[in-house]
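Participant: Would you mind keeping the following structure in view while I ask a few things?
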Protein chains: 4
Amino acid sequence: MRAQSVALCRPLLPEDTVVQPMLDVSPPKWHLAHTTWFWETFLLREYLPGYQVFHPDYAFLFNSYYNSLGSRVNRADRGTLSRPPLADVYAYRQAVDAAMQQLLIQQADTLPPAFWEVLELGLQHEQQHQELLATDIKYILSTSPLAPAYSDAKLAPIAASSAAKATWLPVAGGVHRIGFEGEGFCFDNEQAPHDTYVADFELQNRLVTNAEYLEFMAAGGYQDFRYWLGEGWDLVQQQGWQAPLYWLERDGQWLRFTHHGLQPVNPAAPVTHVSFYEADAYAQWRGCRLPTEQEWEIAARQFGPDPAAGTFLESNLFDPQPLPPDAAPDKCHQLLGDAWEWTYSAYHPYPGYQKAAGALGEYNGKFMVNQLVLRGGSCATPESHIRLTYRNFFHADKRWQFTGIRLAR
Amino acid sequence: MRAQSVALCRPLLPEDTVVQPMLDVSPPKWHLAHTTWFWETFLLREYLPGYQVFHPDYAFLFNSYYNSLGSRVNRADRGTLSRPPLADVYAYRQAVDAAMQQLLIQQADTLPPAFWEVLELGLQHEQQHQELLATDIKYILSTSPLAPAYSDAKLAPIAASSAAKATWLPVAGGVHRIGFEGEGFCFDNEQAPHDTYVADFELQNRLVTNAEYLEFMAAGGYQDFRYWLGEGWDLVQQQGWQAPLYWLERDGQWLRFTHHGLQPVNPAAPVTHVSFYEADAYAQWRGCRLPTEQEWEIAARQFGPDPAAGTFLESNLFDPQPLPPDAAPDKCHQLLGDAWEWTYSAYHPYPGYQKAAGALGEYNGKFMVNQLVLRGGSCATPESHIRLTYRNFFHADKRWQFTGIRLAR
Amino acid sequence: MRAQSVALCRPLLPEDTVVQPMLDVSPPKWHLAHTTWFWETFLLREYLPGYQVFHPDYAFLFNSYYNSLGSRVNRADRGTLSRPPLADVYAYRQAVDAAMQQLLIQQADTLPPAFWEVLELGLQHEQQHQELLATDIKYILSTSPLAPAYSDAKLAPIAASSAAKATWLPVAGGVHRIGFEGEGFCFDNEQAPHDTYVADFELQNRLVTNAEYLEFMAAGGYQDFRYWLGEGWDLVQQQGWQAPLYWLERDGQWLRFTHHGLQPVNPAAPVTHVSFYEADAYAQWRGCRLPTEQEWEIAARQFGPDPAAGTFLESNLFDPQPLPPDAAPDKCHQLLGDAWEWTYSAYHPYPGYQKAAGALGEYNGKFMVNQLVLRGGSCATPESHIRLTYRNFFHADKRWQFTGIRLAR
Amino acid sequence: MRAQSVALCRPLLPEDTVVQPMLDVSPPKWHLAHTTWFWETFLLREYLPGYQVFHPDYAFLFNSYYNSLGSRVNRADRGTLSRPPLADVYAYRQAVDAAMQQLLIQQADTLPPAFWEVLELGLQHEQQHQELLATDIKYILSTSPLAPAYSDAKLAPIAASSAAKATWLPVAGGVHRIGFEGEGFCFDNEQAPHDTYVADFELQNRLVTNAEYLEFMAAGGYQDFRYWLGEGWDLVQQQGWQAPLYWLERDGQWLRFTHHGLQPVNPAAPVTHVSFYEADAYAQWRGCRLPTEQEWEIAARQFGPDPAAGTFLESNLFDPQPLPPDAAPDKCHQLLGDAWEWTYSAYHPYPGYQKAAGALGEYNGKFMVNQLVLRGGSCATPESHIRLTYRNFFHADKRWQFTGIRLAR
């Protein structure tokens, strides 16, 4: 798992690992160091006798947001720090990995359950930052007029195909159970499992495509306030939004900046890099709506997923993929992977939610206001990281993640 | 109803009706004119043949946020406009009231149902601005170091009494019905009525008092990040919050700015002028939580309310009042009136929500993101305006309304 | 002198005296109180035995910028304070005037020279605020789309005349003496009188007219960066400047907001309400330049002025007036009154400058950086207030004073 | 000359060349490319037939502020661009240098005078960016808590010596000639040479030392508004300034961040990294003042300089050096090199100033407002770049250049 983070940064130049072109993006160098600090802080310092921290200043430099663990570099200043250089960060990673190995070999038999729980959390945390690495690298490379490709993998030419026609999957209302139950890892915010009531509804069986979204654009969707939430409309005006993030019109054709450089928009592929405001406006324009997270999970349990079908980080495609025209019309597709799906649910605690004690109590709980839940993972999510009960969360205006749209009614 | 708006402004000087000391506050002169513009725009122009607007520029000046009705003064600039003067605004009110009277007398028999619906909405809208007048006037007067009283009504001295002891009211989980049903007016956001599932819970039978909140303050509540949501903690640090809005420590005693000038904090009275962040932090510190709006409404239907007991705008007290010590311990008190109660529910559409057609569709729907629901009305709410299904909404950081806390667990 | 301040506010409504539509503008109520506080603080408290301040909070409310005299209302918040009301401020003025009268009658023979110096300064200070009242009132009224007139004095219709043709007045270079010498009052910043060297130069004998400035506009002056200082060009872009402040194009005709409401631009009148950036860009476009303050004063001493010819506050015209076509071509006109003339001189201390001791040392000295000197007074300056050595100063971007242009080469 | 820019960047890691921790600082990578773009744009494209630009996007990326040459990256965004990488920029430099060599070899005999003038300007421009490289690199490294040294040159230990005692050099008033005359290069802003009148004055014969500045600090200079210009005092309050930039108190001792890492403050060395506000406040506190640029140049011509004695970029010391105790008391020392000296003169055009035609007219002229003149160069200035008539300019609040203080009276 640790090697995957390094592998993601291998195509980068040292220069690429330093910059922070907007507040939400962290420099790749910072991601590599912060995840390492996590292991050092929560495991090595706690469990490896006599462990000396790699550098006394790294806790200040690489703590993200844990007030329990003291002061830290202002988030907005992460991109101003050229030191320590990338080579030192790699050395930090190696030293911490070696110490972890030593700890695991020497003490595997005597480590308490709490250790193994945090170890699991460290792996999950590393995976979350792998997704952020993929999306932050994209943003970093996009700011250059040179439009450099992250990957020179040859892309298959876009066939003039269309995606499978969307169908509506009906779900019967009533009391349903959601939230994580059973074996394996979950985040605290997926619990407690609980009953919830929903009325009858229908969910669309695939993500909204670029072709469908282009219809919204062609119909003047970005120019008509009636489809928009008020704060969204203000943003459209201030930012001059005319299309999803990374879209660029050149000679009458829409291009998108991707991990493979500038590419034509594929009509059959799911639209991505849209804010909640755009997702909601699109749904309003269609006369539909976004699902709640409860509806999403209930429908997903009933009609899906076929996990193998999703596009995940491991594919190295870094873009959601079209649903094949022969996909089964009575199944729910693209639930896991491809694009995070905005729900019209606030990221609030579930009934019975308990946050962890100590510093790790700051992991999820303190963000439970002013954000919306997204479900299902994306093409930048490691496949083993995602599950149907997973609750991701972002503010309504964010567009730099692989976020997409699924309609309900 | 129209006279009440004017009555609220009678104690003011013309100078008081012009200023806008913060973005959320509108000048009283603006409130008086905007409510009048509402009648003119949605009723007179639509239904009174040959009606000429009072002044061609007033639509630009007094439209609040209706994009359907064209451009308007930037909200932040409302407090820079000395003209039209207060006298002209009163003349505007009289002219519009006279025209309404003419319309009602001459055409009462032929006006369509749509007219009567908007008329009702106009009355409700006027009441909403009466509450805003009460709270905005308080804020305006508070900015002066002279701490002027709005009202010179003699206040009864604060007895050294304590409030009734709080009890916990148990509610059995299951599917309950909420939302507005039946006769009479409701806003579109209270519909559709629908079933919802809640687990067993308990709700406290009264609001949190100043004495209880002072315990939180004394325990270092404003200094300990562990009780706070992240964005709330940032605000505490940036703004230097140490107490609710309007509180002032002088010679070791806590005072509060009120409509009656600076007054000692009454330990038995409900705490008010707290943000959602403070309400949530207080609940966390107590080991409790805030209710959801579903829980609030279900419990309110079961255990209350005794509407006569609440404190409303008509009392001219402009402050929530202590619960008498002999209040029934098995009833839910202070549900309507006194202080708006923060819930841990996002202001989102109910299942089956339909927004109105045309400009009035902008009334409620476009605000349905990033805000939290408050329930029950306050001491500044007209008594006839409030009901158990009423959904008010504010951003989590707002403190200038009469907002309070009720605990759940 | 004191009565003149009140007379200027007489046409205002109480509402007009409260607002602060931009940072540079102070509410008229504040001006009336601040000038009164000046007398109270520097004279009554010092010299009238047993004097009790009118109100203990007024020093906090009405101190402008004297650090020596303690904390004060943030300048940006002056327009948020509705209290004390205008009536109280007038009562404050009367009480202080009465106390001053008492002091002058009872103690005139025993008051020390220092008293009479500060008394003179108090009068001059009052006059400075009379000019600010005139310009701030104009700005306040201008923000309303109603474009209300301050004065309903009938204006003579604009004759289709042109101004006197401009001539160039040649000044021989060499060492000249500038700065205030002799009897009477001057501000500390006009001293010490000193020698200065200038090369041969020419100064234009009148102010630049609207007709001339319209040529600059028509030639694309606001669209061509080559004429502009860098920081000025940035401002033009950000603010979208296309004309002087208060200009408005309607149906192909340029109008100006004035103390008499919206009026057509008079081609023969001097252009006013231009920033230093605009004045300099205009001069660059003409292939000329702005004079230095040394050049201005030397030429003014040699070729002018005819003080009776200027337009001052007492005229109640509130606008610079055209130079009659028969004005003598070999004299320098419009030097005093009409419009402040931007010079290309920084507001720095003269050689030998000494700032006063104590709080009054903050009167002029601490502003001596980042501002430019303006000379000659304007149509809003009391006639007895201005003289050829007078140094006014504003930042390069300011436009709300009656500022104009005179060319040099 | 071109090699020197590269040599300055040799100790840097690629990561160091990308970041922009504050607006005034440009990434070293940008400096290396921008200076190269200057040669390409003003010489190769003009004079080398058939020259193809190295990359079509580089003009957009590396134009600094020339409106004549089209749109460009927002200055604030220079630190967000990781591409092109440092290696590409070095390749750009080599390609342009090779093309320049080709041009010079092939066409040396036929190139017009205008070519040689711009060639000279290109060299001077390169030197200016060498100074900026030195100061920007310092700032970049300083932001890291790791306090990395740019250079590991062993520093001589600070001897417990004191600097030479300061003396006052008297200059007789009268008309003096200043500005550049004669052979060799100068910038347009050093002309026209002209007469100027000054009164008698005295100038101190060396820079103010750290020991002297520490007396100001110990006397509460940063806490007493009376010494400060108003805008400076506001800044002291807002920024919490307590000492020059880069100073850090640790265990009661003052340290400074330098190119050699954190070092103790050397009492005998000139104080540096002070703003104009601090320089002026220090002078006020001493009962002295800052010289005007006229006074500075007149005294410098009369009493100095001994150019060999100054500390320049070539020394690789990157810090102003103490004046030896045996320095001649009747000479003016440290005039060239060591630290730029704030004058109390605005950066305005000299009499007879003519800006160049075309894009190079934007080099100096458009900055001639709101900045102050500094004289004499610093320890980061190439020795061949500086002369007594040289006019540097910065805003009053800037501290990241090697700026120091010389007193006048």
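The chains in the structure tokens are called A, B, ... from first to last as shown; in each chain the residues are counted from 1, and the ligands are counted from 1 in the order shown.
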Compute the chain C side of the contact with chain D at 7 Å, counting only C-alpha atoms, and hand it back as a PyMOL selection string.

Facilitator: chain C and resi 196-197+228-230+346+366-367+370

Participant: Store the residues picked out above, limited to N, CA and C atoms, as a PDB file, in the first residue's frame.

Facilitator:
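The result, stored in selection.pdb:
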ATOM      1  N   THR C 196      14.384  77.102  -3.468  1.00  0.00           N
ATOM      2  CA  THR C 196      14.290  75.901  -4.289  1.00  0.00           C
ATOM      3  C   THR C 196      14.709  76.282  -5.700  1.00  0.00           C
ATOM      4  N   TYR C 197      15.263  75.323  -6.418  1.00  0.00           N
ATOM      5  CA  TYR C 197      15.713  75.601  -7.774  1.00  0.00           C
ATOM      6  C   TYR C 197      14.779  74.939  -8.769  1.00  0.00           C
ATOM      7  N   TRP C 228      -0.645  55.820 -19.046  1.00  0.00           N
ATOM      8  CA  TRP C 228      -0.960  55.647 -17.626  1.00  0.00           C
ATOM      9  C   TRP C 228       0.216  55.134 -16.825  1.00  0.00           C
ATOM     10  N   LEU C 229       0.301  55.617 -15.584  1.00  0.00           N
ATOM     11  CA  LEU C 229       1.171  54.972 -14.609  1.00  0.00           C
ATOM     12  C   LEU C 229       0.637  53.568 -14.339  1.00  0.00           C
ATOM     13  N   GLY C 230       1.527  52.646 -14.006  1.00  0.00           N
ATOM     14  CA  GLY C 230       1.141  51.243 -13.862  1.00  0.00           C
ATOM     15  C   GLY C 230       0.011  51.033 -12.867  1.00  0.00           C
ATOM     16  N   ALA C 346       5.301  64.743  -4.226  1.00  0.00           N
ATOM     17  CA  ALA C 346       4.895  63.949  -3.078  1.00  0.00           C
ATOM     18  C   ALA C 346       4.683  64.867  -1.878  1.00  0.00           C
ATOM     19  N   LYS C 366       2.120  63.100  10.252  1.00  0.00           N
ATOM     20  CA  LYS C 366       2.148  61.650  10.109  1.00  0.00           C
ATOM     21  C   LYS C 366       1.582  61.163   8.778  1.00  0.00           C
ATOM     22  N   PHE C 367       1.086  62.082   7.970  1.00  0.00           N
ATOM     23  CA  PHE C 367       0.558  61.692   6.656  1.00  0.00           C
ATOM     24  C   PHE C 367       1.574  61.880   5.533  1.00  0.00           C
ATOM     25  N   ASN C 370       3.325  58.692   0.607  1.00  0.00           N
ATOM     26  CA  ASN C 370       2.349  58.019  -0.271  1.00  0.00           C
ATOM     27  C   ASN C 370       1.193  58.905  -0.723  1.00  0.00           C
TER      28      ASN C 370
END

Participant: If you count only C-alpha atoms, which residues fall within 12 Å of stretch 41-57 of chain C, apart from same-chain ones fewer than 4 positions away, as a VMD selection string?

Facilitator: (chain B and resid 144 to 147) or (chain C and resid 33 to 37 61 to 63 66 68 to 73 83 to 84 88 to 108 110 to 123 125 358 to 360)

Participant: Please dump the current selection as a compact mmCIF listing (two decimals), in the first residue's frame; keep C-alpha atoms.

Facilitator:
# COMPACT_ATOMS: atom_id res chain seq x y z
CA SER B 144 -23.26 52.19 19.77
CA PRO B 145 -21.16 52.49 22.92
CA LEU B 146 -24.09 54.49 24.24
CA ALA B 147 -26.05 51.22 24.49
CA ALA C 33 -19.55 66.21 16.22
CA HIS C 34 -15.86 65.72 15.49
CA THR C 35 -15.21 69.42 14.94
CA THR C 36 -17.00 70.08 18.23
CA TRP C 37 -14.93 67.47 20.01
CA LEU C 61 -16.93 58.26 19.13
CA PHE C 62 -15.56 61.45 17.61
CA ASN C 63 -11.78 61.34 17.82
CA TYR C 66 -5.22 61.09 17.32
CA SER C 68 -2.35 60.53 21.66
CA LEU C 69 -5.98 60.75 22.69
CA GLY C 70 -6.78 57.11 23.02
CA SER C 71 -8.81 54.48 21.26
CA ARG C 72 -11.67 55.34 18.96
CA VAL C 73 -14.30 53.98 16.59
CA ARG C 83 -26.60 57.16 17.80
CA PRO C 84 -26.18 59.79 19.10
CA ASP C 88 -27.95 65.35 20.21
CA VAL C 89 -25.05 66.41 18.05
CA TYR C 90 -26.59 69.82 17.57
CA ALA C 91 -27.10 70.06 21.34
CA TYR C 92 -23.43 69.12 21.73
CA ARG C 93 -22.46 71.91 19.36
CA GLN C 94 -24.55 74.45 21.24
CA ALA C 95 -23.20 73.42 24.62
CA VAL C 96 -19.61 73.62 23.43
CA ASP C 97 -20.19 76.93 21.67
CA ALA C 98 -21.73 78.32 24.83
CA ALA C 99 -18.84 77.13 26.93
CA MET C 100 -16.39 78.64 24.46
CA GLN C 101 -18.24 81.93 24.67
CA GLN C 102 -18.11 81.79 28.44
CA LEU C 103 -14.41 81.06 28.31
CA LEU C 104 -13.72 83.89 25.90
CA ILE C 105 -15.78 86.41 27.85
CA GLN C 106 -14.50 85.52 31.29
CA GLN C 107 -10.86 84.82 30.59
CA ALA C 108 -9.99 86.66 27.41
CA THR C 110 -5.56 85.93 30.87
CA LEU C 111 -5.48 83.27 28.18
CA PRO C 112 -1.92 82.49 27.06
CA PRO C 113 -0.65 82.72 23.47
CA ALA C 114 -0.87 78.95 23.14
CA PHE C 115 -4.62 79.21 23.62
CA TRP C 116 -5.01 81.70 20.79
CA GLU C 117 -2.91 79.55 18.50
CA VAL C 118 -5.09 76.53 19.07
CA LEU C 119 -8.20 78.69 18.74
CA GLU C 120 -7.00 79.74 15.30
CA LEU C 121 -6.27 76.11 14.46
CA GLY C 122 -9.77 75.18 15.60
CA LEU C 123 -11.23 77.67 13.14
CA HIS C 125 -9.94 72.84 11.20
CA GLY C 358 1.71 66.77 21.77
CA ALA C 359 -1.44 65.53 20.13
CA LEU C 360 -1.53 68.33 17.54

Participant: Which value, in Å to one decimal, gives the distance between atom CA of B:Gln238 and atom CA of A:Trp30?

Facilitator: 25.7 Å

Participant: List every residue of stretch 312-352 of chain A that DSSP, applied to the backbone, labels as strand (DSSP E or B), and write the result as a ChimeraX atom specification.

Facilitator: /A:340-346

Participant: Identify which of the residues C:Asp397, C:Asp16, C:Glu383, C:Asp188 lies closest to C:Tyr139, counting only C-alpha atoms when measuring atom-to-atom distances.

Facilitator: C:Asp16
